[in-house]
$ cat my_file_29.cif   # mmCIF, N, CA and C atoms
data_run
#
loop_
_atom_site.label_atom_id
_atom_site.label_comp_id
_atom_site.auth_asym_id
_atom_site.auth_seq_id
_atom_site.Cartn_x
_atom_site.Cartn_y
_atom_site.Cartn_z
N MET L 1 -8.06 -9.77 -22.48
CA MET L 1 -7.73 -8.72 -21.53
C MET L 1 -8.50 -8.97 -20.24
N SER L 2 -7.80 -8.99 -19.14
CA SER L 2 -8.46 -9.23 -17.86
C SER L 2 -8.67 -7.91 -17.14
N THR L 3 -9.64 -7.90 -16.28
CA THR L 3 -9.89 -6.71 -15.47
C THR L 3 -9.61 -7.05 -14.03
N THR L 4 -9.22 -6.07 -13.28
CA THR L 4 -8.95 -6.23 -11.86
C THR L 4 -9.95 -5.42 -11.09
N GLU L 5 -10.65 -6.06 -10.17
CA GLU L 5 -11.61 -5.34 -9.36
C GLU L 5 -10.87 -4.50 -8.33
N VAL L 6 -11.28 -3.26 -8.19
CA VAL L 6 -10.63 -2.34 -7.27
C VAL L 6 -11.65 -1.94 -6.21
N ASN L 7 -11.22 -1.99 -4.96
CA ASN L 7 -12.05 -1.54 -3.85
C ASN L 7 -11.58 -0.15 -3.45
N LEU L 8 -12.48 0.83 -3.44
CA LEU L 8 -12.11 2.18 -3.07
C LEU L 8 -12.37 2.41 -1.59
N SER L 9 -11.52 3.19 -0.97
CA SER L 9 -11.71 3.52 0.43
C SER L 9 -12.17 4.96 0.54
N THR L 10 -12.61 5.32 1.71
CA THR L 10 -13.02 6.70 1.94
C THR L 10 -11.84 7.64 1.95
N ALA L 11 -10.62 7.12 2.15
CA ALA L 11 -9.42 7.95 2.16
C ALA L 11 -8.88 8.18 0.76
N GLY L 12 -9.53 7.62 -0.26
CA GLY L 12 -9.10 7.84 -1.62
C GLY L 12 -8.03 6.87 -2.09
N ILE L 13 -7.65 5.91 -1.28
CA ILE L 13 -6.70 4.89 -1.67
C ILE L 13 -7.49 3.66 -2.09
N ALA L 14 -7.00 2.97 -3.11
CA ALA L 14 -7.66 1.75 -3.56
C ALA L 14 -6.73 0.57 -3.37
N LEU L 15 -7.29 -0.57 -3.05
CA LEU L 15 -6.55 -1.81 -2.91
C LEU L 15 -7.27 -2.84 -3.77
N THR L 16 -6.56 -3.42 -4.74
CA THR L 16 -7.21 -4.41 -5.59
C THR L 16 -7.49 -5.67 -4.79
N ASP L 17 -8.39 -6.49 -5.32
CA ASP L 17 -8.69 -7.76 -4.66
C ASP L 17 -7.43 -8.62 -4.58
N GLY L 18 -6.62 -8.62 -5.64
CA GLY L 18 -5.38 -9.40 -5.63
C GLY L 18 -4.43 -8.97 -4.54
N ALA L 19 -4.30 -7.66 -4.35
CA ALA L 19 -3.43 -7.14 -3.29
C ALA L 19 -3.99 -7.50 -1.91
N ALA L 20 -5.30 -7.36 -1.74
CA ALA L 20 -5.91 -7.70 -0.46
C ALA L 20 -5.73 -9.18 -0.13
N LEU L 21 -5.86 -10.03 -1.13
CA LEU L 21 -5.67 -11.47 -0.92
C LEU L 21 -4.23 -11.78 -0.53
N LYS L 22 -3.27 -11.11 -1.17
CA LYS L 22 -1.86 -11.34 -0.85
C LYS L 22 -1.53 -10.87 0.57
N VAL L 23 -2.04 -9.69 0.94
CA VAL L 23 -1.82 -9.19 2.30
C VAL L 23 -2.41 -10.16 3.32
N ARG L 24 -3.65 -10.61 3.06
CA ARG L 24 -4.28 -11.56 3.98
C ARG L 24 -3.48 -12.84 4.08
N ALA L 25 -2.97 -13.35 2.96
CA ALA L 25 -2.17 -14.59 2.96
C ALA L 25 -0.89 -14.41 3.77
N LEU L 26 -0.23 -13.26 3.63
CA LEU L 26 0.99 -12.99 4.39
C LEU L 26 0.70 -12.91 5.89
N LEU L 27 -0.40 -12.27 6.25
CA LEU L 27 -0.77 -12.18 7.66
C LEU L 27 -1.14 -13.54 8.23
N ASP L 28 -1.87 -14.35 7.45
CA ASP L 28 -2.25 -15.69 7.89
C ASP L 28 -1.01 -16.58 8.04
N GLN L 29 -0.06 -16.41 7.13
CA GLN L 29 1.19 -17.19 7.18
C GLN L 29 1.94 -16.93 8.48
N GLU L 30 1.90 -15.71 8.96
CA GLU L 30 2.57 -15.34 10.21
C GLU L 30 1.64 -15.49 11.42
N ASP L 31 0.39 -15.89 11.17
CA ASP L 31 -0.62 -16.03 12.23
C ASP L 31 -0.77 -14.74 13.03
N ARG L 32 -0.88 -13.62 12.28
CA ARG L 32 -1.00 -12.30 12.91
C ARG L 32 -2.26 -11.60 12.41
N ASN L 33 -3.18 -11.38 13.30
CA ASN L 33 -4.40 -10.64 12.97
C ASN L 33 -4.37 -9.23 13.54
N ASP L 34 -3.30 -8.89 14.24
CA ASP L 34 -3.20 -7.58 14.89
C ASP L 34 -2.48 -6.55 14.03
N LEU L 35 -2.00 -6.95 12.86
CA LEU L 35 -1.22 -6.04 12.03
C LEU L 35 -2.05 -5.42 10.91
N LYS L 36 -1.66 -4.21 10.53
CA LYS L 36 -2.26 -3.50 9.40
C LYS L 36 -1.16 -3.24 8.38
N LEU L 37 -1.54 -3.10 7.12
CA LEU L 37 -0.59 -2.72 6.09
C LEU L 37 -0.44 -1.20 6.13
N ARG L 38 0.74 -0.73 6.48
CA ARG L 38 0.99 0.71 6.51
C ARG L 38 1.63 1.10 5.18
N VAL L 39 1.05 2.12 4.55
CA VAL L 39 1.57 2.68 3.30
C VAL L 39 1.99 4.10 3.62
N ALA L 40 3.26 4.40 3.36
CA ALA L 40 3.79 5.72 3.69
C ALA L 40 4.61 6.26 2.53
N VAL L 41 4.75 7.57 2.52
CA VAL L 41 5.61 8.26 1.58
C VAL L 41 6.71 8.92 2.40
N GLN L 42 7.96 8.65 2.03
CA GLN L 42 9.11 9.17 2.76
C GLN L 42 10.05 9.90 1.79
N PRO L 43 10.78 10.88 2.28
CA PRO L 43 11.80 11.51 1.42
C PRO L 43 12.87 10.48 1.06
N GLY L 44 13.35 10.55 -0.18
CA GLY L 44 14.40 9.65 -0.60
C GLY L 44 14.19 9.16 -2.01
N GLY L 45 15.04 8.29 -2.44
CA GLY L 45 14.96 7.76 -3.79
C GLY L 45 15.51 8.76 -4.79
N CYS L 46 15.68 8.32 -6.02
CA CYS L 46 16.29 9.19 -7.03
C CYS L 46 15.34 10.25 -7.55
N SER L 47 14.04 10.14 -7.27
CA SER L 47 13.09 11.16 -7.73
C SER L 47 12.58 12.06 -6.61
N GLY L 48 13.01 11.84 -5.37
CA GLY L 48 12.65 12.74 -4.28
C GLY L 48 11.80 12.12 -3.19
N LEU L 49 10.84 11.25 -3.56
CA LEU L 49 9.98 10.59 -2.59
C LEU L 49 9.94 9.10 -2.91
N ARG L 50 9.78 8.30 -1.87
CA ARG L 50 9.68 6.86 -2.10
C ARG L 50 8.56 6.28 -1.23
N TYR L 51 8.02 5.17 -1.71
CA TYR L 51 6.94 4.48 -0.99
C TYR L 51 7.54 3.51 0.01
N GLN L 52 6.82 3.33 1.11
CA GLN L 52 7.14 2.29 2.07
C GLN L 52 5.86 1.52 2.35
N LEU L 53 5.92 0.22 2.26
CA LEU L 53 4.82 -0.67 2.62
C LEU L 53 5.36 -1.65 3.65
N TYR L 54 4.70 -1.72 4.79
CA TYR L 54 5.14 -2.66 5.81
C TYR L 54 3.98 -2.91 6.77
N PHE L 55 4.09 -4.01 7.51
CA PHE L 55 3.07 -4.33 8.50
C PHE L 55 3.38 -3.61 9.79
N ASP L 56 2.32 -3.11 10.43
CA ASP L 56 2.50 -2.29 11.62
C ASP L 56 1.36 -2.57 12.59
N ASP L 57 1.70 -2.59 13.87
CA ASP L 57 0.67 -2.75 14.90
C ASP L 57 0.43 -1.46 15.67
N ARG L 58 1.13 -0.40 15.27
CA ARG L 58 0.99 0.88 15.97
C ARG L 58 -0.19 1.69 15.42
N ALA L 59 -0.69 2.57 16.27
CA ALA L 59 -1.69 3.56 15.86
C ALA L 59 -1.10 4.92 16.18
N LEU L 60 -0.89 5.72 15.14
CA LEU L 60 -0.30 7.04 15.31
C LEU L 60 -1.38 8.11 15.21
N GLU L 61 -1.17 9.21 15.87
CA GLU L 61 -2.13 10.31 15.81
C GLU L 61 -2.28 10.78 14.37
N GLY L 62 -3.52 10.89 13.91
CA GLY L 62 -3.80 11.35 12.56
C GLY L 62 -3.84 10.25 11.51
N ASP L 63 -3.63 8.98 11.91
CA ASP L 63 -3.70 7.87 10.96
C ASP L 63 -5.09 7.77 10.34
N LEU L 64 -5.12 7.44 9.05
CA LEU L 64 -6.36 7.09 8.38
C LEU L 64 -6.33 5.59 8.14
N ILE L 65 -7.38 4.91 8.56
CA ILE L 65 -7.47 3.46 8.39
C ILE L 65 -8.58 3.16 7.41
N SER L 66 -8.26 2.37 6.40
CA SER L 66 -9.23 1.94 5.39
C SER L 66 -9.34 0.43 5.45
N GLU L 67 -10.57 -0.06 5.41
CA GLU L 67 -10.82 -1.50 5.48
C GLU L 67 -11.12 -2.04 4.09
N PHE L 68 -10.48 -3.14 3.74
CA PHE L 68 -10.71 -3.83 2.48
C PHE L 68 -10.97 -5.29 2.83
N GLY L 69 -12.21 -5.60 3.13
CA GLY L 69 -12.54 -6.94 3.60
C GLY L 69 -11.91 -7.14 4.96
N SER L 70 -11.06 -8.15 5.09
CA SER L 70 -10.41 -8.44 6.36
C SER L 70 -9.02 -7.81 6.47
N VAL L 71 -8.72 -6.89 5.55
CA VAL L 71 -7.41 -6.24 5.53
C VAL L 71 -7.58 -4.75 5.85
N ALA L 72 -6.75 -4.26 6.76
CA ALA L 72 -6.76 -2.83 7.09
C ALA L 72 -5.50 -2.19 6.52
N VAL L 73 -5.69 -1.04 5.87
CA VAL L 73 -4.58 -0.27 5.32
C VAL L 73 -4.52 1.05 6.07
N VAL L 74 -3.33 1.42 6.53
CA VAL L 74 -3.15 2.63 7.33
C VAL L 74 -2.23 3.59 6.58
N THR L 75 -2.60 4.87 6.58
CA THR L 75 -1.69 5.92 6.09
C THR L 75 -1.60 7.00 7.16
N ASP L 76 -0.40 7.56 7.29
CA ASP L 76 -0.23 8.64 8.25
C ASP L 76 -0.70 9.95 7.62
N LYS L 77 -0.92 10.96 8.46
CA LYS L 77 -1.49 12.21 7.97
C LYS L 77 -0.59 12.95 6.99
N MET L 78 0.72 12.74 7.05
CA MET L 78 1.64 13.39 6.11
C MET L 78 1.62 12.70 4.74
N SER L 79 1.42 11.39 4.71
CA SER L 79 1.44 10.63 3.47
C SER L 79 0.13 10.66 2.71
N THR L 80 -0.98 10.81 3.42
CA THR L 80 -2.30 10.71 2.80
C THR L 80 -2.48 11.61 1.58
N PRO L 81 -2.10 12.90 1.61
CA PRO L 81 -2.31 13.72 0.41
C PRO L 81 -1.55 13.20 -0.82
N TYR L 82 -0.39 12.58 -0.62
CA TYR L 82 0.39 12.05 -1.73
C TYR L 82 -0.22 10.77 -2.30
N LEU L 83 -1.08 10.11 -1.51
CA LEU L 83 -1.62 8.82 -1.90
C LEU L 83 -3.08 8.86 -2.33
N MET L 84 -3.70 10.03 -2.32
CA MET L 84 -5.10 10.16 -2.73
C MET L 84 -5.26 9.69 -4.17
N GLY L 85 -6.14 8.74 -4.39
CA GLY L 85 -6.39 8.21 -5.73
C GLY L 85 -5.44 7.12 -6.17
N ALA L 86 -4.48 6.76 -5.32
CA ALA L 86 -3.52 5.71 -5.68
C ALA L 86 -4.16 4.33 -5.57
N THR L 87 -3.71 3.43 -6.43
CA THR L 87 -4.18 2.05 -6.42
C THR L 87 -3.01 1.13 -6.12
N ILE L 88 -3.19 0.29 -5.12
CA ILE L 88 -2.17 -0.69 -4.75
C ILE L 88 -2.61 -2.04 -5.29
N ASP L 89 -1.71 -2.69 -6.01
CA ASP L 89 -2.00 -3.98 -6.61
C ASP L 89 -0.88 -4.95 -6.27
N PHE L 90 -1.12 -6.22 -6.47
CA PHE L 90 -0.06 -7.22 -6.34
C PHE L 90 0.08 -7.90 -7.69
N VAL L 91 1.31 -7.89 -8.22
CA VAL L 91 1.60 -8.46 -9.52
C VAL L 91 2.42 -9.72 -9.33
N ASP L 92 2.05 -10.77 -10.03
CA ASP L 92 2.79 -12.03 -9.98
C ASP L 92 2.91 -12.56 -11.40
N THR L 93 3.95 -12.11 -12.09
CA THR L 93 4.20 -12.56 -13.46
C THR L 93 5.61 -13.11 -13.54
N ILE L 94 5.97 -13.60 -14.68
CA ILE L 94 7.32 -14.13 -14.87
C ILE L 94 8.37 -13.03 -14.79
N GLU L 95 7.99 -11.79 -15.16
CA GLU L 95 8.93 -10.68 -15.13
C GLU L 95 9.03 -10.00 -13.77
N LYS L 96 7.95 -10.04 -13.02
CA LYS L 96 7.92 -9.24 -11.79
C LYS L 96 6.95 -9.85 -10.78
N GLN L 97 7.34 -9.76 -9.51
CA GLN L 97 6.44 -10.16 -8.45
C GLN L 97 6.55 -9.15 -7.33
N GLY L 98 5.42 -8.66 -6.86
CA GLY L 98 5.42 -7.74 -5.74
C GLY L 98 4.28 -6.75 -5.81
N PHE L 99 4.23 -5.89 -4.82
CA PHE L 99 3.21 -4.86 -4.78
C PHE L 99 3.60 -3.70 -5.68
N THR L 100 2.61 -3.15 -6.37
CA THR L 100 2.83 -1.98 -7.22
C THR L 100 1.86 -0.89 -6.78
N ILE L 101 2.26 0.35 -7.01
CA ILE L 101 1.40 1.48 -6.69
C ILE L 101 1.25 2.33 -7.93
N ASP L 102 0.02 2.49 -8.38
CA ASP L 102 -0.30 3.37 -9.49
C ASP L 102 -0.84 4.65 -8.86
N ASN L 103 -0.04 5.72 -8.95
CA ASN L 103 -0.37 6.95 -8.23
C ASN L 103 -0.54 8.12 -9.20
N PRO L 104 -1.76 8.64 -9.33
CA PRO L 104 -1.98 9.77 -10.23
C PRO L 104 -1.32 11.07 -9.74
N ASN L 105 -0.89 11.11 -8.50
CA ASN L 105 -0.23 12.30 -7.94
C ASN L 105 1.26 12.35 -8.28
N ALA L 106 1.80 11.27 -8.79
CA ALA L 106 3.22 11.22 -9.12
C ALA L 106 3.45 11.93 -10.44
N GLY L 107 4.14 13.07 -10.38
CA GLY L 107 4.43 13.82 -11.60
C GLY L 107 5.47 13.13 -12.46
N ASP L 108 6.41 12.46 -11.82
CA ASP L 108 7.49 11.79 -12.53
C ASP L 108 8.00 10.69 -11.62
N SER L 109 8.54 9.65 -12.20
CA SER L 109 9.11 8.58 -11.39
C SER L 109 10.44 8.15 -11.99
N CYS L 110 11.21 7.46 -11.17
CA CYS L 110 12.52 7.00 -11.63
C CYS L 110 12.37 5.73 -12.45
N ALA L 111 13.41 5.33 -13.11
CA ALA L 111 13.37 4.15 -13.97
C ALA L 111 13.07 2.87 -13.18
N CYS L 112 13.52 2.81 -11.93
CA CYS L 112 13.27 1.60 -11.14
C CYS L 112 11.84 1.54 -10.61
N GLY L 113 11.13 2.68 -10.62
CA GLY L 113 9.74 2.71 -10.17
C GLY L 113 9.57 2.76 -8.68
N ASP L 114 10.67 2.90 -7.93
CA ASP L 114 10.57 2.91 -6.47
C ASP L 114 10.41 4.31 -5.88
N SER L 115 10.61 5.35 -6.69
CA SER L 115 10.46 6.70 -6.15
C SER L 115 9.75 7.59 -7.17
N PHE L 116 9.25 8.73 -6.68
CA PHE L 116 8.48 9.63 -7.52
C PHE L 116 8.62 11.04 -7.00
N ASN L 117 8.09 11.99 -7.77
CA ASN L 117 7.98 13.38 -7.28
C ASN L 117 6.69 13.98 -7.77
#
$ encode --input "my_file_29.cif" --output "structure tokens"
Amino acid sequence: MSTTEVNLSTAGIALTDGAALKVRALLDQEDRNDLKLRVAVQPGGCSGLRYQLYFDDRALEGDLISEFGSVAVVTDKMSTPYLMGATIDFVDTIEKQGFTIDNPNAGDSCACGDSFN
């Protein structure tokens, strides 16, 4: 059984070392040091809310920025309460590859795992 080291931020969001390394690799691949990983919660999906992860160079009023080594993660003020205590990881297995979010605030999620309520 392997363990994954988790870095906690002051905003209550965690980013695993694996996720931070993947974000850094993607930014280095594009030669972009000006971007942050924005994590947002938006209405939609089959369970009511869905996650959005994307690179962003904007700074919006009320943004919370968390630093994980050389990676910055941004959440907007509307999404932050939904993401408190959530852990973002990067999975690379034969069955699945991509970012995952383990969110203790999600009461229920859909079968595809892309939305929650």
$ axis_aligned_box --input "my_file_29.cif" --around "segment 53-58 of chain L" --padding-each-side "3 Å" --output "lines of an AutoDock Vina configuration file"
center_x = 2.9
center_y = -1.3
center_z = 9.1
size_x = 12.1
size_y = 12.0
size_z = 19.7
$ closest_residue --input "my_file_29.cif" --among "L:Arg38, L:Ile88, L:Ala14, L:Pro43" --to "Thr75 of chain L" --atoms "all atoms listed in the file"
L:Arg38
$ atom_distance --input "my_file_29.cif" --atom1 "atom CA of Leu60 of chain L" --atom2 "atom CA of Val91 of chain L"
29.3 Å
$ closest_residue --input "my_file_29.cif" --among "L:Phe99, L:Glu61, L:Arg50, L:Val71" --to "Leu37 of chain L" --atoms "only N, CA and C atoms"
L:Val71
$ atom_distance --input "my_file_29.cif" --atom1 "atom CA of Ala19 of chain L" --atom2 "atom C of Gly62 of chain L"
22.8 Å
$ resolve_selection --input "my_file_29.cif" --expression "the PyMOL selection byres (((chain L and resi 64 and name CA) around 12) and name CA)" --output "PyMOL selection string"
chain L and resi 9-13+36-40+59-63+65-67+72-81+83-84
$ atom_distance --input "my_file_29.cif" --atom1 "atom CA of Glu30 of chain L" --atom2 "atom CA of Ala86 of chain L"
27.1 Å
$ closest_residue --input "my_file_29.cif" --among "L:Leu26, L:Leu21, L:Ile94, L:Leu49" --to "Gly107 of chain L" --atoms "only C-alpha atoms"
L:Leu49
$ closest_residue --input "my_file_29.cif" --among "L:Ser70, L:Gln52, L:Thr87, L:Asn33" --to "Thr16 of chain L" --atoms "all atoms listed in the file"
L:Thr87
$ select_by_dssp --input "my_file_29.cif" --residues "segment 42-75 of chain L" --states "strand (DSSP E or B)" --output "ChimeraX atom specification"
/L:42-43,49-56,64-68,71-75
$ write_last_selection --input "my_file_29.cif" --atoms "N, CA and C atoms" --output "CSV table (one decimal), keeping the file's coordinate frame"
chain,number,residue,atom,x,y,z
L,42,GLN,N,8.0,8.6,2.0
L,42,GLN,CA,9.1,9.2,2.8
L,42,GLN,C,10.0,9.9,1.8
L,43,PRO,N,10.8,10.9,2.3
L,43,PRO,CA,11.8,11.5,1.4
L,43,PRO,C,12.9,10.5,1.1
L,49,LEU,N,10.8,11.2,-3.6
L,49,LEU,CA,10.0,10.6,-2.6
L,49,LEU,C,9.9,9.1,-2.9
L,50,ARG,N,9.8,8.3,-1.9
L,50,ARG,CA,9.7,6.9,-2.1
L,50,ARG,C,8.6,6.3,-1.2
L,51,TYR,N,8.0,5.2,-1.7
L,51,TYR,CA,6.9,4.5,-1.0
L,51,TYR,C,7.5,3.5,0.0
L,52,GLN,N,6.8,3.3,1.1
L,52,GLN,CA,7.1,2.3,2.1
L,52,GLN,C,5.9,1.5,2.4
L,53,LEU,N,5.9,0.2,2.3
L,53,LEU,CA,4.8,-0.7,2.6
L,53,LEU,C,5.4,-1.6,3.6
L,54,TYR,N,4.7,-1.7,4.8
L,54,TYR,CA,5.1,-2.7,5.8
L,54,TYR,C,4.0,-2.9,6.8
L,55,PHE,N,4.1,-4.0,7.5
L,55,PHE,CA,3.1,-4.3,8.5
L,55,PHE,C,3.4,-3.6,9.8
L,56,ASP,N,2.3,-3.1,10.4
L,56,ASP,CA,2.5,-2.3,11.6
L,56,ASP,C,1.4,-2.6,12.6
L,64,LEU,N,-5.1,7.4,9.0
L,64,LEU,CA,-6.4,7.1,8.4
L,64,LEU,C,-6.3,5.6,8.1
L,65,ILE,N,-7.4,4.9,8.6
L,65,ILE,CA,-7.5,3.5,8.4
L,65,ILE,C,-8.6,3.2,7.4
L,66,SER,N,-8.3,2.4,6.4
L,66,SER,CA,-9.2,1.9,5.4
L,66,SER,C,-9.3,0.4,5.4
L,67,GLU,N,-10.6,-0.1,5.4
L,67,GLU,CA,-10.8,-1.5,5.5
L,67,GLU,C,-11.1,-2.0,4.1
L,68,PHE,N,-10.5,-3.1,3.7
L,68,PHE,CA,-10.7,-3.8,2.5
L,68,PHE,C,-11.0,-5.3,2.8
L,71,VAL,N,-8.7,-6.9,5.6
L,71,VAL,CA,-7.4,-6.2,5.5
L,71,VAL,C,-7.6,-4.8,5.8
L,72,ALA,N,-6.8,-4.3,6.8
L,72,ALA,CA,-6.8,-2.8,7.1
L,72,ALA,C,-5.5,-2.2,6.5
L,73,VAL,N,-5.7,-1.0,5.9
L,73,VAL,CA,-4.6,-0.3,5.3
L,73,VAL,C,-4.5,1.0,6.1
L,74,VAL,N,-3.3,1.4,6.5
L,74,VAL,CA,-3.2,2.6,7.3
L,74,VAL,C,-2.2,3.6,6.6
L,75,THR,N,-2.6,4.9,6.6
L,75,THR,CA,-1.7,5.9,6.1
L,75,THR,C,-1.6,7.0,7.2
$ decode --input "my_file_29.cif" --residues "segment 26-48 of chain L" --atoms "N, CA and C atoms" --output "PDB file, in the first residue's frame"
ATOM      1  N   LEU L  26       2.916  20.444 -16.831  1.00  0.00           N
ATOM      2  CA  LEU L  26       2.075  21.034 -17.873  1.00  0.00           C
ATOM      3  C   LEU L  26       2.444  22.489 -18.126  1.00  0.00           C
ATOM      4  N   LEU L  27       2.695  23.227 -17.058  1.00  0.00           N
ATOM      5  CA  LEU L  27       3.089  24.632 -17.218  1.00  0.00           C
ATOM      6  C   LEU L  27       4.455  24.752 -17.873  1.00  0.00           C
ATOM      7  N   ASP L  28       5.398  23.886 -17.488  1.00  0.00           N
ATOM      8  CA  ASP L  28       6.732  23.901 -18.091  1.00  0.00           C
ATOM      9  C   ASP L  28       6.664  23.527 -19.570  1.00  0.00           C
ATOM     10  N   GLN L  29       5.790  22.580 -19.897  1.00  0.00           N
ATOM     11  CA  GLN L  29       5.621  22.155 -21.289  1.00  0.00           C
ATOM     12  C   GLN L  29       5.165  23.309 -22.164  1.00  0.00           C
ATOM     13  N   GLU L  30       4.338  24.174 -21.629  1.00  0.00           N
ATOM     14  CA  GLU L  30       3.846  25.343 -22.364  1.00  0.00           C
ATOM     15  C   GLU L  30       4.736  26.570 -22.159  1.00  0.00           C
ATOM     16  N   ASP L  31       5.779  26.423 -21.336  1.00  0.00           N
ATOM     17  CA  ASP L  31       6.691  27.524 -21.003  1.00  0.00           C
ATOM     18  C   ASP L  31       5.925  28.727 -20.458  1.00  0.00           C
ATOM     19  N   ARG L  32       5.021  28.437 -19.499  1.00  0.00           N
ATOM     20  CA  ARG L  32       4.186  29.486 -18.900  1.00  0.00           C
ATOM     21  C   ARG L  32       4.361  29.477 -17.387  1.00  0.00           C
ATOM     22  N   ASN L  33       4.913  30.532 -16.866  1.00  0.00           N
ATOM     23  CA  ASN L  33       5.051  30.686 -15.424  1.00  0.00           C
ATOM     24  C   ASN L  33       4.045  31.686 -14.864  1.00  0.00           C
ATOM     25  N   ASP L  34       3.229  32.267 -15.732  1.00  0.00           N
ATOM     26  CA  ASP L  34       2.280  33.293 -15.318  1.00  0.00           C
ATOM     27  C   ASP L  34       0.897  32.723 -15.004  1.00  0.00           C
ATOM     28  N   LEU L  35       0.713  31.423 -15.180  1.00  0.00           N
ATOM     29  CA  LEU L  35      -0.605  30.827 -14.992  1.00  0.00           C
ATOM     30  C   LEU L  35      -0.741  30.146 -13.640  1.00  0.00           C
ATOM     31  N   LYS L  36      -1.978  30.134 -13.138  1.00  0.00           N
ATOM     32  CA  LYS L  36      -2.322  29.437 -11.908  1.00  0.00           C
ATOM     33  C   LYS L  36      -3.379  28.396 -12.250  1.00  0.00           C
ATOM     34  N   LEU L  37      -3.454  27.336 -11.453  1.00  0.00           N
ATOM     35  CA  LEU L  37      -4.513  26.352 -11.619  1.00  0.00           C
ATOM     36  C   LEU L  37      -5.753  26.878 -10.915  1.00  0.00           C
ATOM     37  N   ARG L  38      -6.793  27.156 -11.674  1.00  0.00           N
ATOM     38  CA  ARG L  38      -8.047  27.628 -11.087  1.00  0.00           C
ATOM     39  C   ARG L  38      -8.966  26.424 -10.905  1.00  0.00           C
ATOM     40  N   VAL L  39      -9.483  26.282  -9.682  1.00  0.00           N
ATOM     41  CA  VAL L  39     -10.437  25.232  -9.350  1.00  0.00           C
ATOM     42  C   VAL L  39     -11.736  25.934  -8.991  1.00  0.00           C
ATOM     43  N   ALA L  40     -12.801  25.579  -9.710  1.00  0.00           N
ATOM     44  CA  ALA L  40     -14.086  26.243  -9.506  1.00  0.00           C
ATOM     45  C   ALA L  40     -15.200  25.213  -9.435  1.00  0.00           C
ATOM     46  N   VAL L  41     -16.291  25.624  -8.821  1.00  0.00           N
ATOM     47  CA  VAL L  41     -17.510  24.837  -8.773  1.00  0.00           C
ATOM     48  C   VAL L  41     -18.563  25.629  -9.532  1.00  0.00           C
ATOM     49  N   GLN L  42     -19.202  24.980 -10.506  1.00  0.00           N
ATOM     50  CA  GLN L  42     -20.195  25.630 -11.348  1.00  0.00           C
ATOM     51  C   GLN L  42     -21.494  24.824 -11.336  1.00  0.00           C
ATOM     52  N   PRO L  43     -22.623  25.479 -11.518  1.00  0.00           N
ATOM     53  CA  PRO L  43     -23.876  24.725 -11.656  1.00  0.00           C
ATOM     54  C   PRO L  43     -23.812  23.857 -12.912  1.00  0.00           C
ATOM     55  N   GLY L  44     -24.373  22.656 -12.812  1.00  0.00           N
ATOM     56  CA  GLY L  44     -24.413  21.777 -13.968  1.00  0.00           C
ATOM     57  C   GLY L  44     -24.137  20.346 -13.586  1.00  0.00           C
ATOM     58  N   GLY L  45     -24.071  19.510 -14.569  1.00  0.00           N
ATOM     59  CA  GLY L  45     -23.842  18.095 -14.339  1.00  0.00           C
ATOM     60  C   GLY L  45     -25.109  17.413 -13.863  1.00  0.00           C
ATOM     61  N   CYS L  46     -25.087  16.095 -13.815  1.00  0.00           N
ATOM     62  CA  CYS L  46     -26.291  15.353 -13.457  1.00  0.00           C
ATOM     63  C   CYS L  46     -26.595  15.397 -11.968  1.00  0.00           C
ATOM     64  N   SER L  47     -25.656  15.839 -11.133  1.00  0.00           N
ATOM     65  CA  SER L  47     -25.918  15.927  -9.694  1.00  0.00           C
ATOM     66  C   SER L  47     -26.106  17.355  -9.197  1.00  0.00           C
ATOM     67  N   GLY L  48     -26.003  18.345 -10.068  1.00  0.00           N
ATOM     68  CA  GLY L  48     -26.280  19.721  -9.676  1.00  0.00           C
ATOM     69  C   GLY L  48     -25.096  20.664  -9.741  1.00  0.00           C
TER      70      GLY L  48
END
